[in-house]
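One structure is given here, and the rest of the page talks about it.
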Amino acid sequence: MKNGSSGDPDVADPGLANGVRLGPDAPERVEADDAGLQAGEEAAVIVTAVPAASQPIVTEEGRSAVAANDEAARVHVAPNLLDLISAPAPTPEEKREIEHTRDLNDVIHRVLIIGLFASTATMLAGVVLAAVRHRALATTAPEFGGVWARVEALRPSGFLALGILILMATPIFRVLGSFVIFVHERDWRYAGITMIVLLILTASVLIGRA
Amino acid sequence: MVTILSIFIVGLAVGVLGSMLGIGGGVLLIPLLIGLFGVEIKTAIGASIISVIATSAAAGAVYVGRGQTHSRLAMVLEVATTLGALAGGLTAVLLSPNLLAGFFAAVLVYVAFSMRKIQKEEPVATPTGLLDTSYYDPMTGKWISYGVRHLPLGMGASFLAGNVSGLLGIGGGIIKVPIMSLVMGIPLRASIATSNFMIGITAATSAIIYYQHGYVNPSIAIPTALGVLVGARQGTRLGGRVRSNRLKQIFQVVLLVFAVQMFVKSVRG
């Protein structure tokens with residue numbers, strides 16, 4: 001890492017290209033970046049696959065925000081270490097397949113749990129609020145645009161409608177999560193397929209108006 | 001408050017059964033809401049479609065964790081189901097209640113009939129080179145590898161399932177599961193898990209339409225959805241333990257019972 005601090009012009013150039021002045025430990029980051037690129041396609045595969053579950057943004061953002069954020073830059077080194085540790089994996093292709101399936105399922109799992117928890121909590125808040133104020137549950141739901149104003153006014157109907165909306169949004173976020181994962185995997189075919197599903201969902205919002 | 005509690009309990013029961021069978025539970029909910037609480041059919045459909053989303057999410061969280069869901073296949077078929085649901089939802093808000101009840105009966109008769117074949121022809125799960133995948137079967141302790149057959153036919157059936165889902169507020173799993181398991185060569189367990197994945201997205205498509213047309217009544221949809229959520233949680237746990245054959249038999253009986261019920265309903269108008 002220290003050998004980079006000699007101010008090699010080849011190393012300095014990519015740093016300046018980011019439009020940010022490099023600090024004293026800047027060459028370390030650039031070196032890590034270079035190592036990732038030089039390792040060729042196999043390394044690139046692992047760089048994109050490994051951090052997907054926990055830190056999907058780091059490698060992508062690392063390039064642009066490299067000089068601005070020391071933390072991001074350090075994580076940038078990690079994929080290379082993981083590369084060494086996981087070397088005996090069957091083939092890069094198989095490994096990628098396994099990792100991706102696990103990542104995709106992980107994301108979907110989390111989206112579902114969070115969506116269910118949030119919608120249930122919001123609905124229950126509405127029910128409790130109605131009970132406390134001795135009111136019957138609302139029999140009509142406000143329009144999409146009018147929901148938040150009712151929540152802010154602490155009206156039970158607002159919470160009830162918000163809970164329903166969160167529940168309705170949960171599968172949509174699930175699709176969105178799949179889309180992000182497919183894009184991250186550079187699986188353009190499935191990213192495209194998922195985008196079509198998202199467009200159809202959008203269409204139901206737009207043409208489904210009363 | 002009593003009504004809300006009663007609706008909650010009905011939702012609870014439907015949630016248990018629905019998630020065990022891989023269906024949204026709408027086939028049970030709609031007749032129950034109309035029969036027991038005098039709910040208008042489109043409002044019942046609105047409550048059902050919200051509950052279908054809840055069932056799918058609750059059961060799906062468990063199935064995805066088990067790795068039995070074929071996510072990529074689901075996304076391919078989802079293009080067809082969401083399109084079908086969009087068309088179905090837009091049509092349903094315009095149709096007369098009697099016609100909707102009639103469709104409900106017809107769909108159930110077809111599904112109950114097509115399900116009879118399952119016991120005789122158990123398709124052998126084999127890789128086909130198309131969307132091959134595998135999952136761990138806790139009953140046999142083996143990894144089951146399989147691929148997809150007759151994808152275009154599956155897409156067509158998925159459109160129909162989405163259409164029916166949007167039109168009648170059911171999950172559409174009752175159409176997708178037999179097609180996937182009988183025609184597309186997908187093991188029943190994986191079919192149910194994948195169908196569960198899909199019905200939430202399909203239901204959201206038409207739920208958005210029903211909501212905007214005022215057919216989502218919170219005082220009915222919320223106790224139903226909450227009941228279904230709690231019930232589905234238990235049902236999915238039970239579903240994981242029930243043998244596949246037994247699951248099929250329960251599935252079949254439920255379909256036949258409600259086909260008869262819907263017939264009565266459509267005759268009454």
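Convention: chains lettered A, B, ... in structure tokens order; per-chain residue numbering from 1; ligands numbered from 1 as shown.
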Interface, chain B side, toward chain A (9 Å; only C-alpha atoms) as an MDAnalysis selection string: chainID B and resid 1 4 50 53:54 56:58 60:62 64:65 67 69 71:72 75:76 78:80 82:83 86 89:90 197:198 200:222 225:226 229
Gap from atom CA of Ala101 of chain B to atom CA of Met180 of chain B - Å, one decimal: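 According to the coordinates, atom CA of Ala101 of chain B and atom CA of Met180 of chain B are separated by 26.2 Å.
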Separation of atom CA of Val164 of chain B from atom CA of Thr43 of chain B, in Å and rounded to one decimal: 16.4 Å
DSSP-assigned strand (DSSP E or B) members of segment 77-261 of chain B, reported as a ChimeraX atom specification: /B:133-137,142-146
Write the residues of the preceding selection, restricted to C-alpha atoms, as a CSV table (one decimal), in the first residue's frame.
```
chain,number,residue,atom,x,y,z
B,133,THR,CA,-33.4,-25.0,-10.7
B,134,SER,CA,-33.5,-27.2,-7.5
B,135,TYR,CA,-34.8,-27.1,-4.0
B,136,TYR,CA,-34.4,-29.1,-0.8
B,137,ASP,CA,-37.4,-31.2,0.0
B,142,LYS,CA,-33.4,-34.9,-1.1
B,143,TRP,CA,-32.6,-32.1,-3.5
B,144,ILE,CA,-35.2,-32.0,-6.3
B,145,SER,CA,-33.9,-30.7,-9.6
B,146,TYR,CA,-36.3,-29.6,-12.3
```
Which of segment 107-196 of chain B fall in alpha helix (DSSP H), as number ranges by chain: B: 107-115, 151-168, 173-178, 188-196
Pick from B:Lys42, B:Arg268, B:Lys176, B:His150 nearest to Thr81 of chain B, counting only C-alpha atoms: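 Going through B:Lys42, B:Arg268, B:Lys176, B:His150 one by one, the smallest distance to Thr81 of chain B is for B:Lys176.
Proximity ranking of A:Ala149, A:Gly158, A:Gly192, A:Arg133 relative to Leu176 of chain A places A:Gly192 first, based on only C-alpha atoms.
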Straight-line distance linking atom CA of Gly185 of chain B with atom CA of Leu160 of chain B, stated in Å to one decimal: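 Computed distance, atom CA of Gly185 of chain B to atom CA of Leu160 of chain B, equals 18.9 Å.
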Thr128 of chain B environment, 8 Å, only C-alpha atoms, sequence neighbours closer than 3 positions dropped, as a PyMOL selection string: chain B and resi 131-132+146-149
